[in-house]
Amino acid sequence: MKKKILFALLIFSFFNSFAQDISGQWNGILKIQNNELRVLFNITKTEKGYSSIVDSPDQNAKGIPVASTTFENSVLKLDIAAIGGVYEGRLGSDNVFVGKLIQNGHTLDLNLSKGNAEIIRPQESKQPFPYYTEEVKFENKTDKVTLAGTLSMPKKEGNFPVVILISGSGAQNRDEEMLGHKPFLVLADYLTKKGIAVLRFDDRGFGQSTGDFKKATTMDFAKDVQAGVDYLKTRKEIDKNKIGLIGHSEGGIIAPMIAGNSKDVKFIVLLARTRNSWR
């Protein structure tokens, strides 16, 4: 009698796993020290079982092949040979895989659920902002380039010190957005709350700015920033004696270039980024 019950349970378990369709996108978040990385498993049902690929959007990695995908007795196993990793997770009654990713000898907890895996970045202020923001455009008349950006001020009216944020190498938008991070948005938010106005803008030929980014040199980008300085001098809300520049990476080269040739720039701040420091 006991053998019959055990056999029935095994049959039920087999058909239960077989009947469960896990095809679709499964999302999880890897927590590595103080960092969080989204991981997306795209699982497709085939005649022989399942196949899958992996995306890591925060690392700009998509379509990572999975050598083998198995799902038996509620256990999902993925051999991700391309990254030297293996994932194993058990599907619970709440339709969540509770498991671990093993990569290069390191074991990390990784639970997967269907739906969007959103990383909450509390340092990113959300609208409505506790200060005044304005979408602006100004012109580099020498190169006939129009730069589009955001001017944030503590209040709509007043007379404030101001900084221009200068992006690093590569085509960047006004938030210097990369891999899901928006460091210039965070910096602008912090400074504006401290009483300092901030101008940040899309690089030429990117976002809403005109021009050809690929043909531009560091000197060209410097002229764009100088155009920003000239624009700020026309704003009654800006203290003309307190205009500064904050340059990141290549922007750290541009800032002193401008300051050395302009009496309007009163101070500069140079930034460098170590790996993962924006996270």
# chains A, B, ... in the order shown; residues from 1 in each chain; ligands from 1
call {"tool": "residues_around", "arguments": {"residues": "A:Met178", "least_positions_apart": "5", "cutoff": "10 Å", "atoms": "only C-alpha atoms", "output": "ChimeraX atom specification"}}
result
/A:58-60,172-173,183,278
call {"tool": "write_last_selection", "arguments": {"atoms": "C-alpha atoms", "output": "PDB file, in the first residue's frame"}}
result
ATOM      1  CA  ASP A  58      22.372  47.472 -15.977  1.00  0.00           C
ATOM      2  CA  GLN A  59      25.554  46.123 -17.575  1.00  0.00           C
ATOM      3  CA  ASN A  60      24.237  46.726 -21.088  1.00  0.00           C
ATOM      4  CA  GLN A 172      25.506  61.823 -23.098  1.00  0.00           C
ATOM      5  CA  ASN A 173      22.115  63.269 -22.281  1.00  0.00           C
ATOM      6  CA  PRO A 183      24.379  60.893 -11.905  1.00  0.00           C
ATOM      7  CA  TRP A 278      27.572  55.892  -9.529  1.00  0.00           C
TER       8      TRP A 278
END
call {"tool": "select_by_dssp", "arguments": {"residues": "stretch 72-255 of chain A", "states": "alpha helix (DSSP H)", "output": "PyMOL selection string"}}
result
chain A and resi 183-193+218-232+251-255
call {"tool": "write_last_selection", "arguments": {"atoms": "N, CA and C atoms", "output": "short mmCIF file (atom, residue, chain, number, x, y, z; two decimals), in the first residue's frame"}}
result
data_model
loop_
_atom_site.label_atom_id
_atom_site.label_comp_id
_atom_site.auth_asym_id
_atom_site.auth_seq_id
_atom_site.Cartn_x
_atom_site.Cartn_y
_atom_site.Cartn_z
N PRO A 183 23.58 60.16 -12.89
CA PRO A 183 24.38 60.89 -11.91
C PRO A 183 24.18 62.40 -11.94
N PHE A 184 23.99 62.99 -13.13
CA PHE A 184 23.81 64.44 -13.19
C PHE A 184 22.45 64.87 -12.65
N LEU A 185 21.45 64.02 -12.78
CA LEU A 185 20.15 64.31 -12.17
C LEU A 185 20.29 64.35 -10.65
N VAL A 186 21.01 63.37 -10.12
CA VAL A 186 21.22 63.29 -8.67
C VAL A 186 22.01 64.51 -8.18
N LEU A 187 23.07 64.85 -8.92
CA LEU A 187 23.92 65.97 -8.52
C LEU A 187 23.16 67.30 -8.60
N ALA A 188 22.40 67.48 -9.69
CA ALA A 188 21.62 68.70 -9.85
C ALA A 188 20.58 68.84 -8.75
N ASP A 189 19.96 67.73 -8.41
CA ASP A 189 18.95 67.74 -7.35
C ASP A 189 19.57 68.16 -6.02
N TYR A 190 20.72 67.59 -5.70
CA TYR A 190 21.39 67.90 -4.43
C TYR A 190 21.79 69.37 -4.36
N LEU A 191 22.43 69.87 -5.42
CA LEU A 191 22.92 71.24 -5.41
C LEU A 191 21.77 72.26 -5.37
N THR A 192 20.72 71.98 -6.14
CA THR A 192 19.59 72.92 -6.17
C THR A 192 18.94 73.01 -4.80
N LYS A 193 18.83 71.89 -4.12
CA LYS A 193 18.26 71.89 -2.76
C LYS A 193 19.15 72.67 -1.79
N THR A 218 37.05 67.95 -28.53
CA THR A 218 36.97 68.49 -27.18
C THR A 218 36.84 70.01 -27.22
N MET A 219 37.53 70.63 -28.17
CA MET A 219 37.42 72.08 -28.32
C MET A 219 35.99 72.50 -28.68
N ASP A 220 35.33 71.70 -29.52
CA ASP A 220 33.95 71.99 -29.89
C ASP A 220 33.03 71.90 -28.67
N PHE A 221 33.23 70.87 -27.86
CA PHE A 221 32.41 70.73 -26.65
C PHE A 221 32.66 71.89 -25.70
N ALA A 222 33.90 72.38 -25.66
CA ALA A 222 34.22 73.53 -24.82
C ALA A 222 33.44 74.75 -25.27
N LYS A 223 33.31 74.92 -26.59
CA LYS A 223 32.54 76.06 -27.11
C LYS A 223 31.07 75.93 -26.74
N ASP A 224 30.56 74.70 -26.67
CA ASP A 224 29.17 74.50 -26.25
C ASP A 224 28.97 74.93 -24.81
N VAL A 225 29.93 74.58 -23.96
CA VAL A 225 29.84 74.96 -22.55
C VAL A 225 29.96 76.48 -22.40
N GLN A 226 30.86 77.08 -23.17
CA GLN A 226 31.01 78.53 -23.12
C GLN A 226 29.70 79.21 -23.53
N ALA A 227 29.00 78.60 -24.50
CA ALA A 227 27.70 79.13 -24.89
C ALA A 227 26.72 79.07 -23.73
N GLY A 228 26.86 78.04 -22.89
CA GLY A 228 26.03 77.93 -21.69
C GLY A 228 26.34 79.04 -20.70
N VAL A 229 27.62 79.35 -20.56
CA VAL A 229 28.02 80.46 -19.67
C VAL A 229 27.42 81.77 -20.17
N ASP A 230 27.54 82.00 -21.47
CA ASP A 230 26.99 83.23 -22.06
C ASP A 230 25.47 83.31 -21.86
N TYR A 231 24.82 82.16 -21.98
CA TYR A 231 23.37 82.13 -21.78
C TYR A 231 23.00 82.49 -20.34
N LEU A 232 23.72 81.92 -19.39
CA LEU A 232 23.41 82.18 -17.98
C LEU A 232 23.57 83.65 -17.63
N GLY A 251 34.86 66.08 -19.23
CA GLY A 251 34.41 67.38 -18.76
C GLY A 251 35.39 68.01 -17.78
N GLY A 252 36.19 67.15 -17.11
CA GLY A 252 37.22 67.64 -16.22
C GLY A 252 38.39 68.25 -16.97
N ILE A 253 38.50 67.96 -18.25
CA ILE A 253 39.50 68.60 -19.11
C ILE A 253 38.94 69.92 -19.64
N ILE A 254 37.65 69.88 -19.98
CA ILE A 254 37.01 71.05 -20.58
C ILE A 254 36.88 72.20 -19.59
N ALA A 255 36.52 71.91 -18.36
CA ALA A 255 36.30 72.97 -17.37
C ALA A 255 37.49 73.91 -17.21
#
call {"tool": "residues_around", "arguments": {"residues": "A:Ser23", "least_positions_apart": "5", "cutoff": "7 Å", "atoms": "only C-alpha atoms", "output": "list in words"}}
result
Ile43, Thr44 and Lys45 of chain A
call {"tool": "atom_distance", "arguments": {"atom1": "atom CA of A:Gly28", "atom2": "atom CA of A:Gln127"}}
result
26.9 Å
call {"tool": "atom_distance", "arguments": {"atom1": "atom CA of A:Val75", "atom2": "atom CA of A:Gly105"}}
result
21.2 Å
call {"tool": "residues_around", "arguments": {"residues": "stretch 94-103 of chain A", "least_positions_apart": "3", "cutoff": "12 Å", "atoms": "only C-alpha atoms", "output": "ChimeraX atom specification"}}
result
/A:20-22,26-32,39,41,71,74-91,106-115
call {"tool": "residues_around", "arguments": {"residues": "A:Pro161", "least_positions_apart": "2", "cutoff": "8 Å", "atoms": "only C-alpha atoms", "output": "PyMOL selection string"}}
result
chain A and resi 159+163+195-197+238-243
call {"tool": "residues_around", "arguments": {"residues": "A:Pro130", "least_positions_apart": "2", "cutoff": "8 Å", "atoms": "only C-alpha atoms", "output": "list in words"}}
result
Pro128, Tyr132, Pro154 and Lys193 of chain A
call {"tool": "closest_residue", "arguments": {"among": "A:Lys144, A:Glu250, A:Ser56, A:Ser152", "to": "A:Tyr131", "atoms": "only C-alpha atoms"}}
result
A:Ser152
call {"tool": "residues_around", "arguments": {"residues": "A:Arg174", "least_positions_apart": "2", "cutoff": "12 Å", "atoms": "only C-alpha atoms", "output": "VMD selection string"}}
result
chain A and resid 135 to 136 147 to 151 164 to 168 171 to 172 176 to 178 182 to 188 198 to 204 206 to 209
